[in-house]
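Scroll down for the structure; my scribbles are underneath it.
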Amino acid sequence: MTDAAFDRDHLWHPYTNVMAPGPTYVVESAEGAWLTLDDGTRMIDAMSSWWCTIHGHRHPAISRAMHEQIDRLPHVMFGGLTHGPAIELGRRLVAMTPEGLEHVFYCDSGSVAVEVAMKMAVQHQLAAGRPGRVRFATPRGGYHGDTWKAMSVCDPVNGMHHLFEGALNIQYFAPRPPVAMGDDWPEDDEANGIAALSRLLHEHGDQIAGLILEPLVQGAGGMRFYHPEYLRRARELCDELGILLIFDEIATGFGRVGEMFAADLAGVAPDIMCLGKALTGGHLSFAAVMASGEVARMIGSGTPGLFMHGPTFMGNPLACAAACASLDLLADGTWRDHVAAIAEQMGEELAPARDLPGVAEVRVLGAIAVIEMEHEVSADAAHPISRETGVWLRPFGRNIYAMPPFVLTSGEVSQVCAAMIRLAGEL
Ligand code: PLP
């Protein structure tokens, strides 16, 4: 049995039917922006392997840091012990994330980071003498991961988890933020979505521990970019009602939107912030939850004072070393120019797609480009075209999108845009 045949018959891939899998290609190696398949086909990884590999694959500086770390201390338990890479990474995260976020909790994946953030919010409220606050508010159209609590705050209707509806906690959903980024912000709160959010939070505030949202970009829930004023107003409402504001920056963090964090772009600091994906430059699964001094103090002053979470691989030294190396690569700020250049070029080169039949909208923010179609697009149907164009794209829902590594050359950006336009024309 060939490797590909074994894979087809035995391995589950994300969101696939193991009894009727679509085409799956065997990746032999990767370097920079490029993937090489087992038959020698080369493709630009325009997805950054699900939005992680911001510096490209197998970046020599990250590989080197990981090699050095693996020879010294690949893993050690974090209970009662600590190590240099965790401390160094923590220092940097505290310094670079929005003001007030002073405490770091390391965990294994984005979904787990969301679980941790939600547990923090509940413990905070308990310690604050508000034990009834165990639920969460969130706008429709969000995506926060595949674990149980994370699923409960994903879009309940159009999201990926409606099958589990009966088994999920009941949360409170506000309408999707209605004003797109770049549009004028209407002063009328009914029109800008704040009135509905405010009603929800006021009505159920005594049960709500936190408001969780993806700042500025609703990613897997539809690749929509919304107005920063929504976040500013959400911050005010949370302050008024003692609700914690939780930003899920797992997709937006580390430069993707053109600023280090979407929070910076919006000028809003949350109480808790989830980081993942590009944290290690996409070299290892790793995540971190940043909490404000106030949240940490409140949890610490409660009973039992302990924060009740502690994964086996918490603070894994190898992942911390990879993350430090990735942050080193961001430190000189040149990524800003790269992301700005990618944004400008994708904006120009994708503009003609607006005139194609079936295209609803074209939008670009930082290193995120979306051609939204009027109909659903099949990822499986896109794959053979990816091989032909030499650009790996995996559309979902109605969106043909790219979230490429920041290291693309201008020629590679053109190749990605041409491939997206071809998909829009053919699918
Ligand atoms: N939150 C957001 C905004 C995401 O985009 C994702 C993944 O796409 C997650 C959470 C879940 O992260 P992970 O897949 O690492 O569990």
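Each chain in the structure tokens gets a letter, A, B and so on, in the order shown; residues start at 1 in every chain, and ligands are counted from 1 in the order they appear.
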> Can you tell me which residues sit at most 6 Å away from ligand 1, counting only C-alpha atoms and all ligand atoms, written as a ChimeraX atom specification?
Replying inline: /A:109-111,143-145,214,219-220,248,250-251,277
Please produce an output containing C-alpha atoms for each residue in the selection, written as a PDB file, in the first residue's frame.
```pdb
ATOM      1  CA  SER A 109      -2.900  25.007  21.236  1.00  0.00           C
ATOM      2  CA  GLY A 110      -5.227  27.831  20.359  1.00  0.00           C
ATOM      3  CA  SER A 111      -8.337  25.979  21.463  1.00  0.00           C
ATOM      4  CA  TYR A 143     -14.657  30.923  15.650  1.00  0.00           C
ATOM      5  CA  HIS A 144     -12.582  30.053  18.704  1.00  0.00           C
ATOM      6  CA  GLY A 145     -11.574  26.414  18.312  1.00  0.00           C
ATOM      7  CA  GLU A 214     -11.746  37.888  17.615  1.00  0.00           C
ATOM      8  CA  GLY A 219     -11.502  34.407  10.674  1.00  0.00           C
ATOM      9  CA  ALA A 220     -12.859  30.904  10.239  1.00  0.00           C
ATOM     10  CA  ASP A 248      -8.786  35.865  20.813  1.00  0.00           C
ATOM     11  CA  ILE A 250      -4.812  33.457  17.816  1.00  0.00           C
ATOM     12  CA  ALA A 251      -5.241  34.249  14.116  1.00  0.00           C
ATOM     13  CA  LYS A 277      -0.595  29.894  15.705  1.00  0.00           C
TER      14      LYS A 277
END
```
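Selecting strand (DSSP E or B) from the backbone DSSP output for segment 60-143 of chain A yields Leu101, Glu102, His103, Val104, Phe105, Tyr106, Cys107, Arg135, Phe136, Ala137, Thr138 and Pro139 of chain A.
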> Within 10 Å of Met260 of chain A, counting only C-alpha atoms, which residues qualify if same-chain residues fewer than 6 places away don't, as an MDAnalysis selection string?
Replying inline: chainID A and resid 96:98 252:254 330 333 335:336
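With distances restricted to only C-alpha atoms, A:Ser386 is the closest residue to Tyr25 of chain A from A:Arg297, A:Glu412, A:Ala127, A:Ser386.
If you measure from each of A:His67, A:His283, A:His204, A:Arg256 to Glu31 of chain A using only C-alpha atoms, the closest one turns out to be A:His283.
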> Hey, can you check how far atom CA of Thr147 of chain A sits from atom CA of Leu163 of chain A?
Replying inline: 13.6 Å
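Using only C-alpha atoms, the nearest neighbour of Ala150 of chain A within the list A:Ala20, A:Pro228, A:Pro131, A:Cys274 is A:Cys274.
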According to DSSP computed on the backbone, where in segment 49-288 of chain A is there alpha helix (DSSP H)? Give the residues as an mmCIF file with N, CA and C atoms, in the first residue's frame.
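selection.cif written:
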```cif
data_model
loop_
_atom_site.group_PDB
_atom_site.id
_atom_site.type_symbol
_atom_site.label_atom_id
_atom_site.label_comp_id
_atom_site.auth_asym_id
_atom_site.auth_seq_id
_atom_site.Cartn_x
_atom_site.Cartn_y
_atom_site.Cartn_z
ATOM 1 N N SER A 49 0.222 27.455 6.131
ATOM 2 C CA SER A 49 -0.184 26.269 6.898
ATOM 3 C C SER A 49 -1.137 26.633 8.053
ATOM 4 N N TRP A 50 -2.284 27.127 7.632
ATOM 5 C CA TRP A 50 -3.316 27.615 8.548
ATOM 6 C C TRP A 50 -2.797 28.731 9.443
ATOM 7 N N TRP A 51 -2.162 29.697 8.760
ATOM 8 C CA TRP A 51 -1.936 31.041 9.304
ATOM 9 C C TRP A 51 -0.809 31.101 10.339
ATOM 10 N N PRO A 60 15.850 29.176 9.122
ATOM 11 C CA PRO A 60 17.100 28.705 9.732
ATOM 12 C C PRO A 60 17.288 29.182 11.166
ATOM 13 N N ALA A 61 16.875 30.391 11.474
ATOM 14 C CA ALA A 61 17.086 30.896 12.847
ATOM 15 C C ALA A 61 16.214 30.120 13.841
ATOM 16 N N ILE A 62 14.998 29.798 13.432
ATOM 17 C CA ILE A 62 14.108 29.046 14.344
ATOM 18 C C ILE A 62 14.599 27.600 14.451
ATOM 19 N N SER A 63 14.991 27.022 13.317
ATOM 20 C CA SER A 63 15.529 25.649 13.345
ATOM 21 C C SER A 63 16.747 25.571 14.258
ATOM 22 N N ARG A 64 17.626 26.561 14.135
ATOM 23 C CA ARG A 64 18.853 26.567 14.946
ATOM 24 C C ARG A 64 18.502 26.632 16.438
ATOM 25 N N ALA A 65 17.605 27.543 16.756
ATOM 26 C CA ALA A 65 17.215 27.688 18.179
ATOM 27 C C ALA A 65 16.620 26.386 18.697
ATOM 28 N N MET A 66 15.830 25.720 17.855
ATOM 29 C CA MET A 66 15.217 24.463 18.293
ATOM 30 C C MET A 66 16.263 23.360 18.444
ATOM 31 N N HIS A 67 17.209 23.318 17.504
ATOM 32 C CA HIS A 67 18.278 22.311 17.623
ATOM 33 C C HIS A 67 19.066 22.514 18.908
ATOM 34 N N GLU A 68 19.417 23.769 19.167
ATOM 35 C CA GLU A 68 20.199 24.028 20.383
ATOM 36 C C GLU A 68 19.411 23.632 21.628
ATOM 37 N N GLN A 69 18.124 23.946 21.595
ATOM 38 C CA GLN A 69 17.301 23.652 22.767
ATOM 39 C C GLN A 69 17.088 22.148 22.939
ATOM 40 N N ILE A 70 16.952 21.443 21.822
ATOM 41 C CA ILE A 70 16.683 19.998 21.919
ATOM 42 C C ILE A 70 17.905 19.280 22.509
ATOM 43 N N ASP A 71 19.069 19.845 22.248
ATOM 44 C CA ASP A 71 20.284 19.228 22.803
ATOM 45 C C ASP A 71 20.489 19.574 24.280
ATOM 46 N N ARG A 72 19.762 20.593 24.750
ATOM 47 C CA ARG A 72 19.951 21.015 26.136
ATOM 48 C C ARG A 72 18.809 20.529 27.026
ATOM 49 N N GLY A 84 15.047 28.878 31.320
ATOM 50 C CA GLY A 84 15.383 30.114 30.618
ATOM 51 C C GLY A 84 14.431 30.472 29.486
ATOM 52 N N PRO A 85 14.141 29.552 28.563
ATOM 53 C CA PRO A 85 13.286 29.935 27.426
ATOM 54 C C PRO A 85 11.893 30.414 27.855
ATOM 55 N N ALA A 86 11.328 29.796 28.910
ATOM 56 C CA ALA A 86 9.995 30.238 29.360
ATOM 57 C C ALA A 86 10.084 31.657 29.927
ATOM 58 N N ILE A 87 11.158 31.908 30.669
ATOM 59 C CA ILE A 87 11.306 33.229 31.295
ATOM 60 C C ILE A 87 11.527 34.289 30.219
ATOM 61 N N GLU A 88 12.416 33.946 29.273
ATOM 62 C CA GLU A 88 12.721 34.903 28.206
ATOM 63 C C GLU A 88 11.471 35.211 27.369
ATOM 64 N N LEU A 89 10.748 34.169 27.025
ATOM 65 C CA LEU A 89 9.535 34.385 26.227
ATOM 66 C C LEU A 89 8.526 35.219 27.013
ATOM 67 N N GLY A 90 8.375 34.893 28.277
ATOM 68 C CA GLY A 90 7.431 35.639 29.112
ATOM 69 C C GLY A 90 7.769 37.116 29.172
ATOM 70 N N ARG A 91 9.069 37.395 29.365
ATOM 71 C CA ARG A 91 9.502 38.807 29.386
ATOM 72 C C ARG A 91 9.054 39.528 28.118
ATOM 73 N N ARG A 92 9.292 38.844 26.989
ATOM 74 C CA ARG A 92 8.983 39.508 25.708
ATOM 75 C C ARG A 92 7.485 39.688 25.518
ATOM 76 N N LEU A 93 6.720 38.650 25.886
ATOM 77 C CA LEU A 93 5.264 38.759 25.687
ATOM 78 C C LEU A 93 4.677 39.868 26.556
ATOM 79 N N VAL A 94 5.156 39.952 27.782
ATOM 80 C CA VAL A 94 4.650 41.014 28.668
ATOM 81 C C VAL A 94 5.017 42.383 28.082
ATOM 82 N N ALA A 95 6.220 42.478 27.512
ATOM 83 C CA ALA A 95 6.645 43.779 26.978
ATOM 84 C C ALA A 95 5.891 44.146 25.695
ATOM 85 N N MET A 96 5.554 43.173 24.890
ATOM 86 C CA MET A 96 5.023 43.511 23.559
ATOM 87 C C MET A 96 3.498 43.539 23.467
ATOM 88 N N GLY A 110 -4.310 26.696 20.299
ATOM 89 C CA GLY A 110 -5.227 27.831 20.359
ATOM 90 C C GLY A 110 -6.508 27.498 21.107
ATOM 91 N N SER A 111 -7.074 26.344 20.809
ATOM 92 C CA SER A 111 -8.337 25.979 21.463
ATOM 93 C C SER A 111 -8.158 25.903 22.975
ATOM 94 N N VAL A 112 -7.049 25.325 23.395
ATOM 95 C CA VAL A 112 -6.810 25.214 24.837
ATOM 96 C C VAL A 112 -6.602 26.607 25.440
ATOM 97 N N ALA A 113 -5.967 27.496 24.685
ATOM 98 C CA ALA A 113 -5.802 28.869 25.182
ATOM 99 C C ALA A 113 -7.170 29.502 25.443
ATOM 100 N N VAL A 114 -8.114 29.236 24.559
ATOM 101 C CA VAL A 114 -9.468 29.781 24.745
ATOM 102 C C VAL A 114 -10.118 29.176 25.993
ATOM 103 N N GLU A 115 -9.945 27.868 26.170
ATOM 104 C CA GLU A 115 -10.472 27.228 27.394
ATOM 105 C C GLU A 115 -9.886 27.905 28.637
ATOM 106 N N VAL A 116 -8.573 28.109 28.591
ATOM 107 C CA VAL A 116 -7.876 28.691 29.745
ATOM 108 C C VAL A 116 -8.401 30.101 30.015
ATOM 109 N N ALA A 117 -8.553 30.881 28.954
ATOM 110 C CA ALA A 117 -9.048 32.255 29.110
ATOM 111 C C ALA A 117 -10.433 32.249 29.748
ATOM 112 N N MET A 118 -11.275 31.310 29.313
ATOM 113 C CA MET A 118 -12.640 31.263 29.842
ATOM 114 C C MET A 118 -12.634 30.816 31.310
ATOM 115 N N LYS A 119 -11.752 29.881 31.627
ATOM 116 C CA LYS A 119 -11.644 29.470 33.030
ATOM 117 C C LYS A 119 -11.143 30.630 33.891
ATOM 118 N N MET A 120 -10.189 31.381 33.364
ATOM 119 C CA MET A 120 -9.687 32.546 34.110
ATOM 120 C C MET A 120 -10.834 33.507 34.413
ATOM 121 N N ALA A 121 -11.662 33.737 33.397
ATOM 122 C CA ALA A 121 -12.756 34.707 33.577
ATOM 123 C C ALA A 121 -13.710 34.228 34.667
ATOM 124 N N VAL A 122 -14.022 32.935 34.649
ATOM 125 C CA VAL A 122 -14.958 32.402 35.654
ATOM 126 C C VAL A 122 -14.327 32.487 37.047
ATOM 127 N N GLN A 123 -13.056 32.111 37.142
ATOM 128 C CA GLN A 123 -12.398 32.187 38.466
ATOM 129 C C GLN A 123 -12.303 33.625 38.958
ATOM 130 N N HIS A 124 -12.057 34.540 38.013
ATOM 131 C CA HIS A 124 -12.006 35.960 38.381
ATOM 132 C C HIS A 124 -13.343 36.383 38.987
ATOM 133 N N GLN A 125 -14.424 36.014 38.327
ATOM 134 C CA GLN A 125 -15.746 36.446 38.799
ATOM 135 C C GLN A 125 -16.088 35.796 40.139
ATOM 136 N N LEU A 126 -15.716 34.523 40.286
ATOM 137 C CA LEU A 126 -15.935 33.838 41.568
ATOM 138 C C LEU A 126 -15.232 34.590 42.693
ATOM 139 N N ALA A 127 -13.961 34.919 42.415
ATOM 140 C CA ALA A 127 -13.160 35.591 43.441
ATOM 141 C C ALA A 127 -13.700 36.987 43.723
ATOM 142 N N TRP A 148 -14.550 21.899 23.893
ATOM 143 C CA TRP A 148 -15.962 22.109 24.241
ATOM 144 C C TRP A 148 -16.346 23.554 24.542
ATOM 145 N N LYS A 149 -15.610 24.198 25.425
ATOM 146 C CA LYS A 149 -15.993 25.583 25.760
ATOM 147 C C LYS A 149 -15.751 26.493 24.567
ATOM 148 N N ALA A 150 -14.639 26.231 23.861
ATOM 149 C CA ALA A 150 -14.348 27.041 22.677
ATOM 150 C C ALA A 150 -15.467 26.884 21.648
ATOM 151 N N MET A 151 -15.935 25.655 21.477
ATOM 152 C CA MET A 151 -17.038 25.422 20.534
ATOM 153 C C MET A 151 -18.281 26.208 20.933
ATOM 154 N N SER A 152 -18.481 26.326 22.250
ATOM 155 C CA SER A 152 -19.729 26.954 22.710
ATOM 156 C C SER A 152 -19.799 28.426 22.336
ATOM 157 N N ASP A 189 -26.517 53.867 17.393
ATOM 158 C CA ASP A 189 -26.074 52.594 17.982
ATOM 159 C C ASP A 189 -26.887 51.394 17.500
ATOM 160 N N GLU A 190 -28.105 51.645 17.019
ATOM 161 C CA GLU A 190 -28.858 50.522 16.435
ATOM 162 C C GLU A 190 -28.157 50.076 15.152
ATOM 163 N N ALA A 191 -27.631 51.041 14.411
ATOM 164 C CA ALA A 191 -27.005 50.709 13.127
ATOM 165 C C ALA A 191 -25.600 50.141 13.297
ATOM 166 N N ASN A 192 -24.902 50.558 14.343
ATOM 167 C CA ASN A 192 -23.511 50.099 14.453
ATOM 168 C C ASN A 192 -23.353 48.839 15.307
ATOM 169 N N ILE A 194 -23.917 48.363 18.474
ATOM 170 C CA ILE A 194 -23.633 48.509 19.902
ATOM 171 C C ILE A 194 -24.907 48.405 20.741
ATOM 172 N N ALA A 195 -26.011 48.871 20.201
ATOM 173 C CA ALA A 195 -27.262 48.805 20.986
ATOM 174 C C ALA A 195 -27.608 47.347 21.286
ATOM 175 N N ALA A 196 -27.479 46.484 20.289
ATOM 176 C CA ALA A 196 -27.816 45.063 20.501
ATOM 177 C C ALA A 196 -26.845 44.426 21.486
ATOM 178 N N LEU A 197 -25.574 44.749 21.341
ATOM 179 C CA LEU A 197 -24.582 44.194 22.275
ATOM 180 C C LEU A 197 -24.874 44.677 23.698
ATOM 181 N N SER A 198 -25.183 45.968 23.799
ATOM 182 C CA SER A 198 -25.456 46.564 25.103
ATOM 183 C C SER A 198 -26.687 45.919 25.750
ATOM 184 N N ARG A 199 -27.735 45.723 24.952
ATOM 185 C CA ARG A 199 -28.955 45.096 25.501
ATOM 186 C C ARG A 199 -28.625 43.708 26.047
ATOM 187 N N LEU A 200 -27.873 42.946 25.250
ATOM 188 C CA LEU A 200 -27.526 41.581 25.652
ATOM 189 C C LEU A 200 -26.733 41.587 26.963
ATOM 190 N N LEU A 201 -25.733 42.465 27.021
ATOM 191 C CA LEU A 201 -24.875 42.480 28.209
ATOM 192 C C LEU A 201 -25.628 42.996 29.427
ATOM 193 N N HIS A 202 -26.484 43.996 29.219
ATOM 194 C CA HIS A 202 -27.256 44.509 30.365
ATOM 195 C C HIS A 202 -28.256 43.467 30.852
ATOM 196 N N GLU A 203 -28.912 42.794 29.902
ATOM 197 C CA GLU A 203 -29.962 41.851 30.287
ATOM 198 C C GLU A 203 -29.389 40.642 31.031
ATOM 199 N N HIS A 204 -28.232 40.144 30.565
ATOM 200 C CA HIS A 204 -27.711 38.890 31.131
ATOM 201 C C HIS A 204 -26.412 39.085 31.909
ATOM 202 N N PRO A 228 -13.003 49.069 14.084
ATOM 203 C CA PRO A 228 -12.366 49.121 15.409
ATOM 204 C C PRO A 228 -13.217 49.790 16.482
ATOM 205 N N GLU A 229 -14.106 50.689 16.058
ATOM 206 C CA GLU A 229 -14.931 51.386 17.057
ATOM 207 C C GLU A 229 -15.790 50.390 17.847
ATOM 208 N N TYR A 230 -16.131 49.281 17.204
ATOM 209 C CA TYR A 230 -16.921 48.247 17.893
ATOM 210 C C TYR A 230 -16.173 47.767 19.136
ATOM 211 N N LEU A 231 -14.864 47.610 18.998
ATOM 212 C CA LEU A 231 -14.056 47.127 20.131
ATOM 213 C C LEU A 231 -13.952 48.185 21.222
ATOM 214 N N ARG A 232 -13.832 49.433 20.787
ATOM 215 C CA ARG A 232 -13.728 50.510 21.793
ATOM 216 C C ARG A 232 -15.010 50.567 22.622
ATOM 217 N N ARG A 233 -16.119 50.459 21.938
ATOM 218 C CA ARG A 233 -17.409 50.520 22.651
ATOM 219 C C ARG A 233 -17.622 49.256 23.498
ATOM 220 N N ALA A 234 -17.167 48.128 22.988
ATOM 221 C CA ALA A 234 -17.278 46.879 23.758
ATOM 222 C C ALA A 234 -16.475 47.014 25.051
ATOM 223 N N ARG A 235 -15.300 47.643 24.947
ATOM 224 C CA ARG A 235 -14.459 47.861 26.139
ATOM 225 C C ARG A 235 -15.230 48.674 27.181
ATOM 226 N N GLU A 236 -15.891 49.739 26.720
ATOM 227 C CA GLU A 236 -16.640 50.588 27.656
ATOM 228 C C GLU A 236 -17.761 49.812 28.338
ATOM 229 N N LEU A 237 -18.478 49.012 27.545
ATOM 230 C CA LEU A 237 -19.591 48.242 28.121
ATOM 231 C C LEU A 237 -19.079 47.245 29.157
ATOM 232 N N CYS A 238 -17.981 46.581 28.828
ATOM 233 C CA CYS A 238 -17.410 45.602 29.773
ATOM 234 C C CYS A 238 -17.002 46.291 31.073
ATOM 235 N N ASP A 239 -16.377 47.452 30.943
ATOM 236 C CA ASP A 239 -15.965 48.184 32.153
ATOM 237 C C ASP A 239 -17.182 48.552 33.001
ATOM 238 N N GLU A 240 -18.211 48.998 32.317
ATOM 239 C CA GLU A 240 -19.418 49.425 33.036
ATOM 240 C C GLU A 240 -20.040 48.262 33.824
ATOM 241 N N LEU A 241 -19.983 47.046 33.232
ATOM 242 C CA LEU A 241 -20.746 45.932 33.797
ATOM 243 C C LEU A 241 -19.892 44.897 34.523
ATOM 244 N N ALA A 262 -4.094 42.926 16.623
ATOM 245 C CA ALA A 262 -5.291 43.681 16.241
ATOM 246 C C ALA A 262 -5.644 44.677 17.342
ATOM 247 N N ALA A 263 -5.346 44.306 18.592
ATOM 248 C CA ALA A 263 -5.600 45.217 19.715
ATOM 249 C C ALA A 263 -4.857 46.536 19.506
ATOM 250 N N ASP A 264 -3.637 46.470 18.968
ATOM 251 C CA ASP A 264 -2.859 47.692 18.717
ATOM 252 C C ASP A 264 -3.525 48.511 17.612
ATOM 253 N N LEU A 265 -3.981 47.818 16.585
ATOM 254 C CA LEU A 265 -4.618 48.519 15.469
ATOM 255 C C LEU A 265 -5.877 49.249 15.949
ATOM 256 N N ALA A 266 -6.596 48.596 16.855
ATOM 257 C CA ALA A 266 -7.837 49.198 17.356
ATOM 258 C C ALA A 266 -7.575 50.166 18.512
#
```
>> Can you pull out the residues contacting Met160 of chain A? Cut-off 9 Å, using only C-alpha atoms, and skip same-chain residues under 5 positions away; I want them as a ChimeraX atom specification.
In response: /A:15,143,146,151,154-155,221
Generate the output file for the selected residues, N, CA and C atoms, as a PDB file, in the first residue's frame.
```
ATOM      1  N   TYR A  15     -11.729  18.060   9.619  1.00  0.00           N
ATOM      2  CA  TYR A  15     -13.025  18.273   8.960  1.00  0.00           C
ATOM      3  C   TYR A  15     -13.139  17.506   7.648  1.00  0.00           C
ATOM      4  N   TYR A 143     -15.220  32.272  15.560  1.00  0.00           N
ATOM      5  CA  TYR A 143     -14.657  30.923  15.650  1.00  0.00           C
ATOM      6  C   TYR A 143     -13.544  30.960  16.685  1.00  0.00           C
ATOM      7  N   ASP A 146     -12.003  24.079  18.646  1.00  0.00           N
ATOM      8  CA  ASP A 146     -12.795  22.851  18.557  1.00  0.00           C
ATOM      9  C   ASP A 146     -12.986  22.128  19.878  1.00  0.00           C
ATOM     10  N   MET A 151     -15.935  25.655  21.477  1.00  0.00           N
ATOM     11  CA  MET A 151     -17.038  25.422  20.534  1.00  0.00           C
ATOM     12  C   MET A 151     -18.281  26.208  20.933  1.00  0.00           C
ATOM     13  N   CYS A 154     -18.413  29.558  19.395  1.00  0.00           N
ATOM     14  CA  CYS A 154     -18.370  29.688  17.928  1.00  0.00           C
ATOM     15  C   CYS A 154     -19.779  29.991  17.423  1.00  0.00           C
ATOM     16  N   ASP A 155     -19.858  30.483  16.198  1.00  0.00           N
ATOM     17  CA  ASP A 155     -21.183  30.809  15.661  1.00  0.00           C
ATOM     18  C   ASP A 155     -22.094  29.584  15.756  1.00  0.00           C
ATOM     19  N   GLY A 221     -14.909  32.078  10.830  1.00  0.00           N
ATOM     20  CA  GLY A 221     -16.352  32.336  10.758  1.00  0.00           C
ATOM     21  C   GLY A 221     -16.739  33.159   9.542  1.00  0.00           C
TER      22      GLY A 221
END
```
>> Calculated over only C-alpha atoms, which of the candidates A:Trp392, A:Ala379, A:Gly425, A:Leu284 has the smallest distance to Asp355 of chain A?
In response: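 The answer is A:Gly425, which sits nearest to Asp355 of chain A.
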> Near Trp34 of chain A, within 12 Å and counting only C-alpha atoms, which residues show up once chain neighbours fewer than 5 positions away are dropped, as a list in words?
Replying inline: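 Here the qualifying residues turn out to be Val27, Glu28, Ser29, Gly40, Thr41, Arg42, Met43, Ile44, Asp45, Ala46, Met47, Ser48, Ser49, Thr53, His55, Gly56, His57, Arg58, His59, Gly390, Val391, Trp392, Pro404, Pro405, Val407, Leu408, Thr409, Glu412 and Val416 of chain A.
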> With only C-alpha atoms as the atoms that count, which of A:Ile246, A:Ile272, A:Ala381, A:Val217 lies nearest to Ala367 of chain A?
Replying inline: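 Between A:Ile246, A:Ile272, A:Ala381, A:Val217, the residue approaching Ala367 of chain A most closely is A:Val217.
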>> Please compute the atom CA of Ile371 of chain A-atom CA of Ala402 of chain A distance, one decimal, in Å.
In response: 9.0 Å
> Distance atom CA of Asn17 of chain A-atom CA of Leu168 of chain A, one decimal place?
Replying inline: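 Separation of atom CA of Asn17 of chain A and atom CA of Leu168 of chain A: 22.7 Å.
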